[in-house]
Amino acid sequence: MYTTEIKTVEDVRNIAREKLKGICGVYKDCDGDTRRLCQGQSYGRALGIGGIGSGASFNNNFLALRKYNLKMKLVEEDFTPDTSYNFFGKDLSMPVMAASVAGVNSFGGDSVITEQEFCRSVVLGCKAAGSLGWRGDTYTYSLEKSYGINAIAEANGFGVKIVKPREQETIIKFFKKAEDIRCIAVGIDTDGCGSYAMNTHNKPVFKKSVEDIKELVSATNLPVIIKGVMCVEDALKAKESGAAAIVVSNHGGRVLDHTSGTADVLQPIVKELKGKIKILVDGGIRNGYDVLKMLALGAESVLIGRDIIRASVGAGIKGVQIHMEYMQKTIQKAMKMTNCKTLRDVSSGILNY
Ligand SMILES: Cc1cc2nc3c(=O)[nH]c(=O)nc-3n(C[C@H](O)[C@H](O)[C@H](O)COP(=O)(O)O)c2cc1C
């Protein structure tokens, strides 16, 4: 379907810009600035690809990362950095995975990309680049229409399934389906309880207590991930509940206006819980330089959201592969220039504040 001329991230983004006309400008900086096309869709209109309300939470992710700079350290032996990373026993090419995103066809229609094609592009494109695709959940998904789980099954279980904080019974059924296809891990996006899309389509979502999460953890033999942690208290409760990992995330600024940027809340959480639970982060991460900043602030690995939407809309599986390879190249560059041979060498010492 895609010609061999599509080779670079720019090729992919140029196609995506055409297909996403009126929805996303595919700008050089995807920063949630109020003047961006996607932000014009807020205040009661469909969220599209933007942030909620004023867009401050989306924008704060970008601004928080911008406060940190990388420290160059160059008078050393030359080397090729090793970006390899192990996630729940699976060897990945780098500590970057595709975030659980869903409902992409709801803002452009099937002519832009069908939901099934979107999920396939993410999971198979990531796999081709040695990375891992996470899949999300929205009101168009059900146990019968599990687009994400279908795609992960096609990749022989090479994926992660995140379920919205629906009724406990429904979440557990999704987890069982994920288990059946040998998914790597499952989880819930606790911040999804702020989702308008679910509530307005009669798919209720709920806040989840420690007891609720304990029930989910004991219902599956897969590692359980709690996504949407923005404070130390929730991180501690996720640990107490038996979760295997947390994702520091404000859902790309889509569930509550005026939250902090994730890079700003990461450090206190790391201080409290490093080594006790896997700590991942997402929000505004656009290249390997941003990835390295988040790792230097203490995250073990990161997720990327909006860029993966653009990559899959632009060139499907190939587009996602090209984008993930770009991420790896830029991480390598960042590691070389900050003198990090492996991920173990990354520390807060490589940052200038
Ligand atoms: C269009 C869209 C749909 C999303 N759907 C989900 C979802 O179904 N489940 C989920 O856990 N997160 C969802 N997210 C949040 C992402 O997983 C991720 O946290 C966020 O996109 C990261 O920020 P970034 O887009 O700036 O990289 C969605 C984000 C976008 C932009």
# chains A, B, ... in the order shown; residues from 1 in each chain; ligands from 1

$ residues_near_ligand --ligand "ligand 1" --cutoff "8 Å" --atoms "only C-alpha atoms and all ligand atoms" --output "number ranges by chain"
A: 30-31, 47-51, 58, 61-62, 99-104, 135-138, 162-164, 188-189, 191-192, 227-228, 249-254, 282-286, 303-307, 309

$ residues_around --residues "segment 113-117 of chain A" --least-positions-apart "6" --cutoff "12 Å" --atoms "only C-alpha atoms" --output "number ranges by chain"
A: 16, 19-20, 101-107, 123-125, 135-138, 140-141, 145-152, 154, 309-317

$ closest_residue --among "A:Ile6, A:Asn221, A:Thr330, A:Leu295" --to "Gly349 of chain A" --atoms "only C-alpha atoms"
A:Leu295

$ closest_residue --among "A:Ala56, A:Val12, A:Val112, A:Val265" --to "Ala299 of chain A" --atoms "only C-alpha atoms"
A:Val265

$ atom_distance --atom1 "atom CA of Tyr289 of chain A" --atom2 "atom CA of Ile331 of chain A"
6.1 Å

$ residues_around --residues "segment 335-346 of chain A" --least-positions-apart "3" --cutoff "12 Å" --atoms "only C-alpha atoms" --output "VMD selection string"
chain A and resid 69 to 86 93 to 95 288 to 301 328 to 332 349 to 352

$ select_by_dssp --residues "segment 151-264 of chain A" --states "helix (DSSP H, G or I)" --output "PyMOL selection string"
chain A and resi 151-154+168-180+190-194+196-200+210-218+232-240+262-264

$ select_by_dssp --residues "segment 148-308 of chain A" --states "strand (DSSP E or B)" --output "list of chain:residue names"
A:Gly159, A:Val160, A:Lys161, A:Ile162, A:Val163, A:Ala185, A:Val186, A:Gly187, A:Ile188, A:Asp189, A:Val224, A:Ile225, A:Ile226, A:Lys227, A:Gly228, A:Val229, A:Ala245, A:Ile246, A:Val247, A:Val248, A:Lys278, A:Ile279, A:Leu280, A:Val281, A:Asp282, A:Ser301, A:Val302, A:Leu303, A:Ile304

$ write_last_selection --atoms "C-alpha atoms" --output "short mmCIF file (atom, residue, chain, number, x, y, z; two decimals), in the first residue's frame"
data_model
loop_
_atom_site.label_atom_id
_atom_site.label_comp_id
_atom_site.auth_asym_id
_atom_site.auth_seq_id
_atom_site.Cartn_x
_atom_site.Cartn_y
_atom_site.Cartn_z
CA GLY A 159 1.81 -5.86 23.37
CA VAL A 160 0.28 -4.36 26.51
CA LYS A 161 -3.46 -3.84 27.02
CA ILE A 162 -4.69 -0.93 29.12
CA VAL A 163 -8.40 -0.98 29.99
CA ALA A 185 1.12 -7.04 30.72
CA VAL A 186 -2.26 -5.43 31.39
CA GLY A 187 -3.40 -2.38 33.30
CA ILE A 188 -5.88 0.39 33.79
CA ASP A 189 -5.63 4.10 33.11
CA VAL A 224 -0.67 -5.07 36.28
CA ILE A 225 0.18 -1.49 35.39
CA ILE A 226 -1.45 1.60 36.90
CA LYS A 227 -1.35 4.45 34.39
CA GLY A 228 -2.27 8.01 35.34
CA VAL A 229 -0.25 8.55 38.53
CA ALA A 245 4.44 -0.72 37.39
CA ILE A 246 3.10 2.81 37.31
CA VAL A 247 3.00 5.33 34.51
CA VAL A 248 3.39 8.92 35.62
CA LYS A 278 8.69 0.06 37.80
CA ILE A 279 8.26 3.79 37.10
CA LEU A 280 7.42 4.89 33.57
CA VAL A 281 6.37 8.31 32.32
CA ASP A 282 4.69 9.94 29.33
CA SER A 301 11.24 3.95 30.36
CA VAL A 302 8.75 6.17 28.52
CA LEU A 303 5.67 6.08 26.31
CA ILE A 304 4.91 8.27 23.33
#
